[in-house]
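Colleague: This is data.txt (compact mmCIF, N, CA and C atoms).
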```
# COMPACT_ATOMS: atom_id res chain seq x y z
N MET A 1 62.69 85.39 5.15
CA MET A 1 62.63 85.40 3.71
C MET A 1 62.40 83.96 3.24
N THR A 2 61.64 83.82 2.19
CA THR A 2 61.29 82.48 1.74
C THR A 2 62.45 81.80 1.04
N HIS A 3 62.36 80.48 1.01
CA HIS A 3 63.37 79.67 0.32
C HIS A 3 63.43 80.05 -1.15
N ARG A 4 62.29 80.36 -1.74
CA ARG A 4 62.21 80.69 -3.16
C ARG A 4 63.00 81.98 -3.47
N VAL A 5 62.87 82.97 -2.62
CA VAL A 5 63.60 84.22 -2.83
C VAL A 5 65.10 83.97 -2.73
N HIS A 6 65.53 83.18 -1.74
CA HIS A 6 66.95 82.86 -1.60
C HIS A 6 67.47 82.13 -2.83
N ALA A 7 66.70 81.19 -3.34
CA ALA A 7 67.12 80.44 -4.53
C ALA A 7 67.24 81.37 -5.73
N LEU A 8 66.33 82.30 -5.88
CA LEU A 8 66.39 83.24 -7.00
C LEU A 8 67.59 84.18 -6.86
N ARG A 9 67.89 84.58 -5.64
CA ARG A 9 69.05 85.45 -5.43
C ARG A 9 70.34 84.72 -5.80
N ARG A 10 70.42 83.43 -5.43
CA ARG A 10 71.61 82.66 -5.78
C ARG A 10 71.73 82.55 -7.30
N ARG A 11 70.62 82.34 -7.97
CA ARG A 11 70.64 82.15 -9.42
C ARG A 11 70.89 83.45 -10.18
N TYR A 12 70.19 84.52 -9.80
CA TYR A 12 70.22 85.76 -10.57
C TYR A 12 71.06 86.87 -9.94
N GLY A 13 71.47 86.71 -8.71
CA GLY A 13 72.21 87.76 -8.04
C GLY A 13 71.27 88.72 -7.34
N HIS A 14 71.84 89.61 -6.55
CA HIS A 14 71.02 90.59 -5.83
C HIS A 14 71.82 91.86 -5.65
N ALA A 15 71.22 92.96 -6.01
CA ALA A 15 71.91 94.24 -5.89
C ALA A 15 71.28 95.12 -4.83
N GLY A 16 70.36 94.60 -4.05
CA GLY A 16 69.79 95.34 -2.93
C GLY A 16 69.11 96.64 -3.30
N GLY A 17 68.41 96.70 -4.41
CA GLY A 17 67.70 97.91 -4.80
C GLY A 17 68.53 98.84 -5.67
N ALA A 18 69.86 98.66 -5.65
CA ALA A 18 70.71 99.51 -6.47
C ALA A 18 70.64 99.10 -7.93
N GLY A 19 70.14 97.92 -8.20
CA GLY A 19 70.07 97.40 -9.55
C GLY A 19 68.80 97.80 -10.26
N THR A 20 68.55 99.08 -10.39
CA THR A 20 67.36 99.55 -11.09
C THR A 20 67.77 100.44 -12.26
N ILE A 21 66.84 100.64 -13.16
CA ILE A 21 67.05 101.54 -14.29
C ILE A 21 65.96 102.58 -14.22
N PRO A 22 66.24 103.72 -13.58
CA PRO A 22 65.21 104.75 -13.37
C PRO A 22 64.51 105.21 -14.64
N GLU A 23 65.23 105.24 -15.74
CA GLU A 23 64.64 105.66 -17.03
C GLU A 23 63.46 104.75 -17.40
N LEU A 24 63.60 103.47 -17.17
CA LEU A 24 62.50 102.54 -17.45
C LEU A 24 61.46 102.57 -16.34
N ASP A 25 61.91 102.62 -15.10
CA ASP A 25 60.98 102.61 -13.98
C ASP A 25 59.99 103.77 -14.04
N SER A 26 60.41 104.87 -14.65
CA SER A 26 59.54 106.03 -14.74
C SER A 26 58.33 105.79 -15.65
N LEU A 27 58.33 104.70 -16.41
CA LEU A 27 57.20 104.38 -17.28
C LEU A 27 56.00 103.86 -16.50
N GLY A 28 56.20 103.39 -15.28
CA GLY A 28 55.11 102.83 -14.49
C GLY A 28 54.78 101.41 -14.93
N GLU A 29 53.85 100.77 -14.24
CA GLU A 29 53.51 99.37 -14.52
C GLU A 29 53.08 99.14 -15.96
N ASP A 30 52.12 99.91 -16.43
CA ASP A 30 51.59 99.70 -17.79
C ASP A 30 52.66 99.99 -18.84
N GLY A 31 53.42 101.04 -18.65
CA GLY A 31 54.48 101.38 -19.59
C GLY A 31 55.57 100.32 -19.63
N LEU A 32 55.92 99.78 -18.47
CA LEU A 32 56.92 98.72 -18.42
C LEU A 32 56.45 97.47 -19.16
N MET A 33 55.18 97.12 -19.00
CA MET A 33 54.66 95.95 -19.71
C MET A 33 54.56 96.21 -21.21
N THR A 34 54.27 97.44 -21.60
CA THR A 34 54.27 97.77 -23.03
C THR A 34 55.69 97.68 -23.57
N PHE A 35 56.65 98.20 -22.81
CA PHE A 35 58.06 98.10 -23.20
C PHE A 35 58.43 96.64 -23.40
N TRP A 36 58.02 95.78 -22.47
CA TRP A 36 58.31 94.36 -22.59
C TRP A 36 57.70 93.79 -23.87
N SER A 37 56.45 94.11 -24.14
CA SER A 37 55.78 93.53 -25.31
C SER A 37 56.46 93.93 -26.61
N VAL A 38 57.05 95.11 -26.65
CA VAL A 38 57.72 95.56 -27.87
C VAL A 38 59.13 95.00 -27.96
N TYR A 39 59.88 95.01 -26.87
CA TYR A 39 61.31 94.71 -26.93
C TYR A 39 61.70 93.29 -26.55
N HIS A 40 60.79 92.45 -26.07
CA HIS A 40 61.23 91.13 -25.65
C HIS A 40 61.70 90.27 -26.82
N ARG A 41 61.25 90.59 -28.01
CA ARG A 41 61.74 89.92 -29.20
C ARG A 41 62.14 90.95 -30.25
N SER A 42 62.87 91.94 -29.83
CA SER A 42 63.21 93.04 -30.74
C SER A 42 64.30 92.60 -31.71
N GLY A 43 64.20 93.15 -32.90
CA GLY A 43 65.23 92.91 -33.90
C GLY A 43 66.27 94.00 -33.85
N PRO A 44 67.19 93.97 -34.79
CA PRO A 44 68.28 94.94 -34.77
C PRO A 44 67.83 96.40 -34.94
N ASN A 45 66.77 96.64 -35.71
CA ASN A 45 66.33 98.03 -35.90
C ASN A 45 65.82 98.64 -34.61
N LEU A 46 64.95 97.93 -33.91
CA LEU A 46 64.43 98.45 -32.64
C LEU A 46 65.54 98.61 -31.61
N ALA A 47 66.42 97.62 -31.53
CA ALA A 47 67.51 97.69 -30.55
C ALA A 47 68.45 98.85 -30.85
N GLN A 48 68.80 99.04 -32.12
CA GLN A 48 69.67 100.16 -32.47
C GLN A 48 68.99 101.49 -32.20
N HIS A 49 67.70 101.58 -32.48
CA HIS A 49 66.97 102.81 -32.19
C HIS A 49 66.96 103.09 -30.69
N LEU A 50 66.78 102.05 -29.89
CA LEU A 50 66.74 102.21 -28.44
C LEU A 50 68.06 102.74 -27.90
N PHE A 51 69.17 102.16 -28.33
CA PHE A 51 70.48 102.53 -27.79
C PHE A 51 71.16 103.65 -28.57
N GLY A 52 70.70 103.90 -29.78
CA GLY A 52 71.32 104.93 -30.60
C GLY A 52 72.57 104.46 -31.33
N LYS A 53 72.95 103.21 -31.13
CA LYS A 53 74.14 102.65 -31.78
C LYS A 53 74.11 101.14 -31.66
N ARG A 54 74.99 100.53 -32.38
CA ARG A 54 75.18 99.07 -32.27
C ARG A 54 76.43 98.81 -31.44
N PHE A 55 76.40 97.76 -30.67
CA PHE A 55 77.56 97.32 -29.90
C PHE A 55 77.43 95.81 -29.75
N PRO A 56 78.47 95.10 -29.39
CA PRO A 56 78.36 93.65 -29.28
C PRO A 56 77.23 93.24 -28.33
N GLY A 57 76.30 92.44 -28.83
CA GLY A 57 75.20 91.95 -28.01
C GLY A 57 74.06 92.94 -27.83
N PHE A 58 73.95 93.96 -28.71
CA PHE A 58 72.94 95.00 -28.50
C PHE A 58 71.51 94.47 -28.59
N THR A 59 71.25 93.47 -29.44
CA THR A 59 69.89 92.94 -29.52
C THR A 59 69.56 92.11 -28.27
N ASN A 60 70.53 91.37 -27.77
CA ASN A 60 70.32 90.62 -26.52
C ASN A 60 70.13 91.57 -25.35
N ALA A 61 70.84 92.68 -25.36
CA ALA A 61 70.70 93.67 -24.29
C ALA A 61 69.29 94.27 -24.30
N ALA A 62 68.75 94.53 -25.49
CA ALA A 62 67.38 95.06 -25.57
C ALA A 62 66.38 94.04 -25.03
N SER A 63 66.60 92.78 -25.36
CA SER A 63 65.73 91.72 -24.85
C SER A 63 65.85 91.59 -23.33
N SER A 64 67.05 91.73 -22.81
CA SER A 64 67.26 91.68 -21.36
C SER A 64 66.58 92.86 -20.66
N LEU A 65 66.63 94.03 -21.28
CA LEU A 65 65.91 95.18 -20.72
C LEU A 65 64.41 94.91 -20.67
N ALA A 66 63.91 94.20 -21.67
CA ALA A 66 62.50 93.82 -21.66
C ALA A 66 62.19 92.90 -20.49
N GLY A 67 63.09 91.96 -20.22
CA GLY A 67 62.92 91.09 -19.06
C GLY A 67 62.95 91.87 -17.76
N TYR A 68 63.85 92.84 -17.70
CA TYR A 68 63.91 93.72 -16.53
C TYR A 68 62.57 94.44 -16.36
N ALA A 69 62.05 95.00 -17.46
CA ALA A 69 60.80 95.76 -17.41
C ALA A 69 59.65 94.90 -16.90
N SER A 70 59.57 93.68 -17.40
CA SER A 70 58.50 92.78 -16.97
C SER A 70 58.59 92.46 -15.49
N ASN A 71 59.79 92.18 -15.02
CA ASN A 71 59.96 91.86 -13.60
C ASN A 71 59.72 93.06 -12.70
N ARG A 72 60.15 94.25 -13.12
CA ARG A 72 59.89 95.46 -12.31
C ARG A 72 58.39 95.77 -12.27
N ALA A 73 57.70 95.59 -13.40
CA ALA A 73 56.25 95.83 -13.41
C ALA A 73 55.55 94.86 -12.48
N THR A 74 55.96 93.61 -12.50
CA THR A 74 55.35 92.61 -11.62
C THR A 74 55.66 92.93 -10.16
N ALA A 75 56.87 93.38 -9.87
CA ALA A 75 57.22 93.78 -8.51
C ALA A 75 56.35 94.94 -8.04
N MET A 76 56.12 95.91 -8.93
CA MET A 76 55.26 97.05 -8.58
C MET A 76 53.83 96.59 -8.31
N MET A 77 53.35 95.64 -9.12
CA MET A 77 52.00 95.11 -8.91
C MET A 77 51.90 94.38 -7.57
N CYS A 78 52.93 93.58 -7.27
CA CYS A 78 52.95 92.86 -5.99
C CYS A 78 52.96 93.84 -4.82
N ALA A 79 53.79 94.85 -4.91
CA ALA A 79 53.87 95.85 -3.84
C ALA A 79 52.53 96.57 -3.68
N GLY A 80 51.88 96.86 -4.79
CA GLY A 80 50.59 97.54 -4.75
C GLY A 80 49.50 96.76 -4.05
N ARG A 81 49.59 95.44 -4.12
CA ARG A 81 48.57 94.62 -3.45
C ARG A 81 49.05 94.10 -2.09
N GLY A 82 50.22 94.58 -1.65
CA GLY A 82 50.70 94.25 -0.31
C GLY A 82 51.50 92.96 -0.21
N ASP A 83 51.94 92.41 -1.32
CA ASP A 83 52.72 91.17 -1.33
C ASP A 83 54.21 91.51 -1.31
N ALA A 84 54.74 91.74 -0.12
CA ALA A 84 56.13 92.18 0.03
C ALA A 84 57.12 91.13 -0.44
N SER A 85 56.88 89.85 -0.14
CA SER A 85 57.84 88.83 -0.55
C SER A 85 57.84 88.67 -2.07
N GLY A 86 56.67 88.78 -2.70
CA GLY A 86 56.61 88.72 -4.16
C GLY A 86 57.34 89.89 -4.78
N ALA A 87 57.13 91.08 -4.23
CA ALA A 87 57.81 92.28 -4.74
C ALA A 87 59.32 92.12 -4.60
N GLU A 88 59.77 91.61 -3.47
CA GLU A 88 61.20 91.42 -3.25
C GLU A 88 61.77 90.40 -4.23
N MET A 89 61.03 89.32 -4.46
CA MET A 89 61.50 88.29 -5.38
C MET A 89 61.67 88.86 -6.79
N TYR A 90 60.66 89.57 -7.30
CA TYR A 90 60.74 90.11 -8.66
C TYR A 90 61.76 91.25 -8.76
N ASN A 91 61.90 92.04 -7.71
CA ASN A 91 62.95 93.07 -7.71
C ASN A 91 64.34 92.44 -7.71
N SER A 92 64.48 91.31 -7.03
CA SER A 92 65.75 90.60 -7.01
C SER A 92 66.10 90.08 -8.40
N ILE A 93 65.12 89.54 -9.09
CA ILE A 93 65.35 89.06 -10.46
C ILE A 93 65.76 90.24 -11.35
N ALA A 94 65.04 91.35 -11.24
CA ALA A 94 65.35 92.54 -12.05
C ALA A 94 66.77 93.04 -11.76
N ALA A 95 67.16 93.05 -10.49
CA ALA A 95 68.50 93.50 -10.12
C ALA A 95 69.56 92.57 -10.71
N GLY A 96 69.28 91.28 -10.74
CA GLY A 96 70.22 90.34 -11.36
C GLY A 96 70.37 90.58 -12.85
N ILE A 97 69.27 90.91 -13.50
CA ILE A 97 69.34 91.22 -14.93
C ILE A 97 70.21 92.46 -15.16
N VAL A 98 70.00 93.49 -14.33
CA VAL A 98 70.79 94.72 -14.47
C VAL A 98 72.27 94.42 -14.27
N SER A 99 72.60 93.57 -13.33
CA SER A 99 74.01 93.28 -13.04
C SER A 99 74.72 92.62 -14.22
N ARG A 100 73.97 91.96 -15.09
CA ARG A 100 74.57 91.28 -16.24
C ARG A 100 74.50 92.10 -17.53
N LEU A 101 73.92 93.27 -17.50
CA LEU A 101 73.80 94.11 -18.69
C LEU A 101 75.12 94.79 -19.03
N PRO A 102 75.40 95.01 -20.32
CA PRO A 102 76.57 95.81 -20.67
C PRO A 102 76.33 97.27 -20.26
N PRO A 103 77.38 98.02 -20.03
CA PRO A 103 77.24 99.42 -19.57
C PRO A 103 76.35 100.27 -20.47
N GLU A 104 76.40 100.05 -21.79
CA GLU A 104 75.58 100.84 -22.71
C GLU A 104 74.09 100.64 -22.44
N ALA A 105 73.72 99.45 -22.03
CA ALA A 105 72.31 99.15 -21.78
C ALA A 105 71.87 99.69 -20.42
N ARG A 106 72.75 99.68 -19.44
CA ARG A 106 72.40 100.20 -18.11
C ARG A 106 72.13 101.70 -18.15
N ALA A 107 72.81 102.39 -19.06
CA ALA A 107 72.69 103.84 -19.15
C ALA A 107 71.70 104.25 -20.23
N VAL A 108 70.75 103.39 -20.55
CA VAL A 108 69.82 103.67 -21.64
C VAL A 108 68.99 104.92 -21.34
N LYS A 109 68.81 105.73 -22.37
CA LYS A 109 67.93 106.90 -22.31
C LYS A 109 66.89 106.70 -23.40
N LEU A 110 65.63 106.62 -23.02
CA LEU A 110 64.59 106.39 -24.01
C LEU A 110 64.43 107.60 -24.93
N PRO A 111 64.48 107.36 -26.23
CA PRO A 111 64.19 108.47 -27.15
C PRO A 111 62.76 108.96 -26.90
N GLU A 112 62.52 110.25 -27.07
CA GLU A 112 61.20 110.82 -26.80
C GLU A 112 60.12 110.15 -27.65
N GLN A 113 60.45 109.82 -28.88
CA GLN A 113 59.48 109.15 -29.75
C GLN A 113 59.09 107.79 -29.16
N THR A 114 60.04 107.08 -28.57
CA THR A 114 59.76 105.80 -27.94
C THR A 114 58.86 105.99 -26.72
N ARG A 115 59.21 106.96 -25.88
CA ARG A 115 58.42 107.25 -24.69
C ARG A 115 56.98 107.60 -25.07
N GLU A 116 56.81 108.41 -26.10
CA GLU A 116 55.49 108.82 -26.55
C GLU A 116 54.70 107.63 -27.10
N ALA A 117 55.36 106.78 -27.88
CA ALA A 117 54.68 105.60 -28.43
C ALA A 117 54.23 104.65 -27.33
N ILE A 118 55.06 104.48 -26.30
CA ILE A 118 54.69 103.61 -25.18
C ILE A 118 53.54 104.24 -24.39
N ARG A 119 53.60 105.53 -24.19
CA ARG A 119 52.53 106.23 -23.46
C ARG A 119 51.19 106.09 -24.18
N ASN A 120 51.19 106.11 -25.52
CA ASN A 120 49.96 106.07 -26.30
C ASN A 120 49.59 104.67 -26.78
N ALA A 121 50.34 103.66 -26.35
CA ALA A 121 50.10 102.29 -26.82
C ALA A 121 48.75 101.77 -26.32
N VAL A 122 48.18 100.91 -27.12
CA VAL A 122 46.95 100.20 -26.76
C VAL A 122 47.34 98.76 -26.51
N ALA A 123 46.85 98.18 -25.43
CA ALA A 123 47.19 96.80 -25.09
C ALA A 123 46.89 95.88 -26.27
N GLY A 124 47.84 95.02 -26.58
CA GLY A 124 47.67 94.08 -27.67
C GLY A 124 48.02 94.63 -29.04
N GLU A 125 48.49 95.86 -29.10
CA GLU A 125 48.82 96.51 -30.37
C GLU A 125 50.33 96.65 -30.52
N ARG A 126 51.05 95.57 -30.34
CA ARG A 126 52.51 95.60 -30.36
C ARG A 126 53.07 96.19 -31.66
N PHE A 127 52.57 95.73 -32.80
CA PHE A 127 53.14 96.16 -34.07
C PHE A 127 52.86 97.63 -34.36
N LYS A 128 51.71 98.12 -33.96
CA LYS A 128 51.43 99.55 -34.11
C LYS A 128 52.39 100.37 -33.25
N THR A 129 52.68 99.89 -32.06
CA THR A 129 53.61 100.58 -31.18
C THR A 129 55.01 100.57 -31.78
N GLU A 130 55.44 99.43 -32.33
CA GLU A 130 56.75 99.34 -32.98
C GLU A 130 56.84 100.34 -34.14
N ARG A 131 55.81 100.39 -34.95
CA ARG A 131 55.81 101.33 -36.08
C ARG A 131 55.88 102.78 -35.59
N ALA A 132 55.17 103.08 -34.51
CA ALA A 132 55.21 104.44 -33.96
C ALA A 132 56.61 104.77 -33.44
N ILE A 133 57.28 103.80 -32.86
CA ILE A 133 58.64 104.02 -32.34
C ILE A 133 59.61 104.30 -33.49
N LEU A 134 59.49 103.53 -34.56
CA LEU A 134 60.45 103.63 -35.66
C LEU A 134 60.03 104.62 -36.75
N LYS A 135 58.88 105.26 -36.60
CA LYS A 135 58.38 106.19 -37.63
C LYS A 135 59.41 107.29 -37.91
N GLY A 136 59.77 107.40 -39.18
CA GLY A 136 60.69 108.45 -39.59
C GLY A 136 62.16 108.20 -39.24
N TRP A 137 62.46 107.07 -38.62
CA TRP A 137 63.83 106.78 -38.21
C TRP A 137 64.62 106.21 -39.37
N LYS A 138 65.79 106.72 -39.59
CA LYS A 138 66.68 106.23 -40.65
C LYS A 138 67.81 105.47 -40.01
N ARG A 139 68.11 104.31 -40.57
CA ARG A 139 69.19 103.46 -40.04
C ARG A 139 70.53 104.01 -40.35
```
Mind turning the file's structure into structure tokens?
Modeller:
Amino acid sequence: MTHRVHALRRRYGHAGGAGTIPELDSLGEDGLMTFWSVYHRSGPNLAQHLFGKRFPGFTNAASSLAGYASNRATAMMCAGRGDASGAEMYNSIAAGIVSRLPPEARAVKLPEQTREAIRNAVAGERFKTERAILKGWKR
């Protein structure tokens, strides 16, 4: 294993594959990157819609889930092109993010409207995707 992977494990932790969020992983590479583009700078409305409630640090948790999504998508891309060490490195980062999430964020269930908006998203159309996610939602 490379020195870089060891350094990342020391910094972010390692859960050996157990640190995944299947609900997000089911979105696939493109869906995970769309999730990242919407939630990496999410405000309170998007975060509350995602979790269904507010809790201490809920906006930071949504942003952390976006970081998880980006790293898992990159790991999937690395694995797809045969880069095992790259996939392991990005999976290790994602597992570290999961280990620091509050329990409410680890057990996230994507609302169907969110899943549909991500599925139908067009690359570079972040705000249209956000509007589709929040359409008809009352705070």
Colleague: Between CA of Ala47 in chain A and CA of Val122 in chain A, what is the distance, to one decimal in Å?
Modeller: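 Answer for the CA of Ala47 in chain A to CA of Val122 in chain A separation: 21.1 Å.
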Colleague: If we count only C-alpha atoms and set the cut-off at 8 Å, which residues sit around range 41-44 of chain A, ignoring sequence neighbours fewer than 5 positions away in its own chain? Please answer as a PyMOL selection string.
Modeller: chain A and resi 58-59+62-63
Colleague: Include N, CA and C atoms and write out the residues we just selected as a PDB file, in the frame of the given file.
Modeller:
```pdb
ATOM      1  N   PHE A  58      73.950  93.960 -28.710  1.00  0.00           N
ATOM      2  CA  PHE A  58      72.940  95.000 -28.500  1.00  0.00           C
ATOM      3  C   PHE A  58      71.510  94.470 -28.590  1.00  0.00           C
ATOM      4  N   THR A  59      71.250  93.470 -29.440  1.00  0.00           N
ATOM      5  CA  THR A  59      69.890  92.940 -29.520  1.00  0.00           C
ATOM      6  C   THR A  59      69.560  92.110 -28.270  1.00  0.00           C
ATOM      7  N   ALA A  62      68.750  94.530 -25.490  1.00  0.00           N
ATOM      8  CA  ALA A  62      67.380  95.060 -25.570  1.00  0.00           C
ATOM      9  C   ALA A  62      66.380  94.040 -25.030  1.00  0.00           C
ATOM     10  N   SER A  63      66.600  92.780 -25.360  1.00  0.00           N
ATOM     11  CA  SER A  63      65.730  91.720 -24.850  1.00  0.00           C
ATOM     12  C   SER A  63      65.850  91.590 -23.330  1.00  0.00           C
TER      13      SER A  63
END
```
Colleague: I'd like to know which of A:Val108, A:Ala84, A:Ala75, A:Val98 is closest to Leu24 in chain A, using only C-alpha atoms.
Modeller: A:Val108
Colleague: Which is closest to Glu116 in chain A among A:Ala132, A:Ile93, A:Phe55, A:Pro103, if we use only C-alpha atoms?
Modeller: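 Result for the nearest residue to Glu116 in chain A: A:Ala132.
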Colleague: Distance atom N of Ser92 in chain A-CA of Glu130 in chain A, one decimal place?
Modeller: 28.2 Å
Colleague: How many Å lie between atom N of Ser70 in chain A and atom N of Arg126 in chain A, rounded to one decimal?
Modeller: 15.6 Å
Colleague: Under the rule that only C-alpha atoms are counted, which of A:Leu46, A:Ala61, A:Cys78, A:Asp83 is the nearest residue to Arg131 in chain A?
Modeller: A:Leu46
Colleague: Here is a test: counting only C-alpha atoms, which residue of A:Ala117, A:Ile97, A:Ala87, A:Leu65 is nearest to Tyr39 in chain A?
Modeller: A:Leu65
Colleague: Using only N, CA and C atoms, which of the listed residues (A:Ala66, A:Asn45, A:Gly19, A:Ile133) sits closest to Ile118 in chain A?
Modeller: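 Result for the nearest residue to Ile118 in chain A: A:Ile133.
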Colleague: Using all atoms listed in the file, find the one residue out of A:Ser99, A:Thr129, A:Thr74, A:Asn60 that sits nearest to Glu29 in chain A.
Modeller: A:Thr74
Colleague: Enumerate the residues of range 40-102 of chain A with a DSSP assignment of helix (DSSP H, G or I), computed from the backbone, and present them as number ranges by chain.
Modeller: A: 44-51, 58-80, 84-100
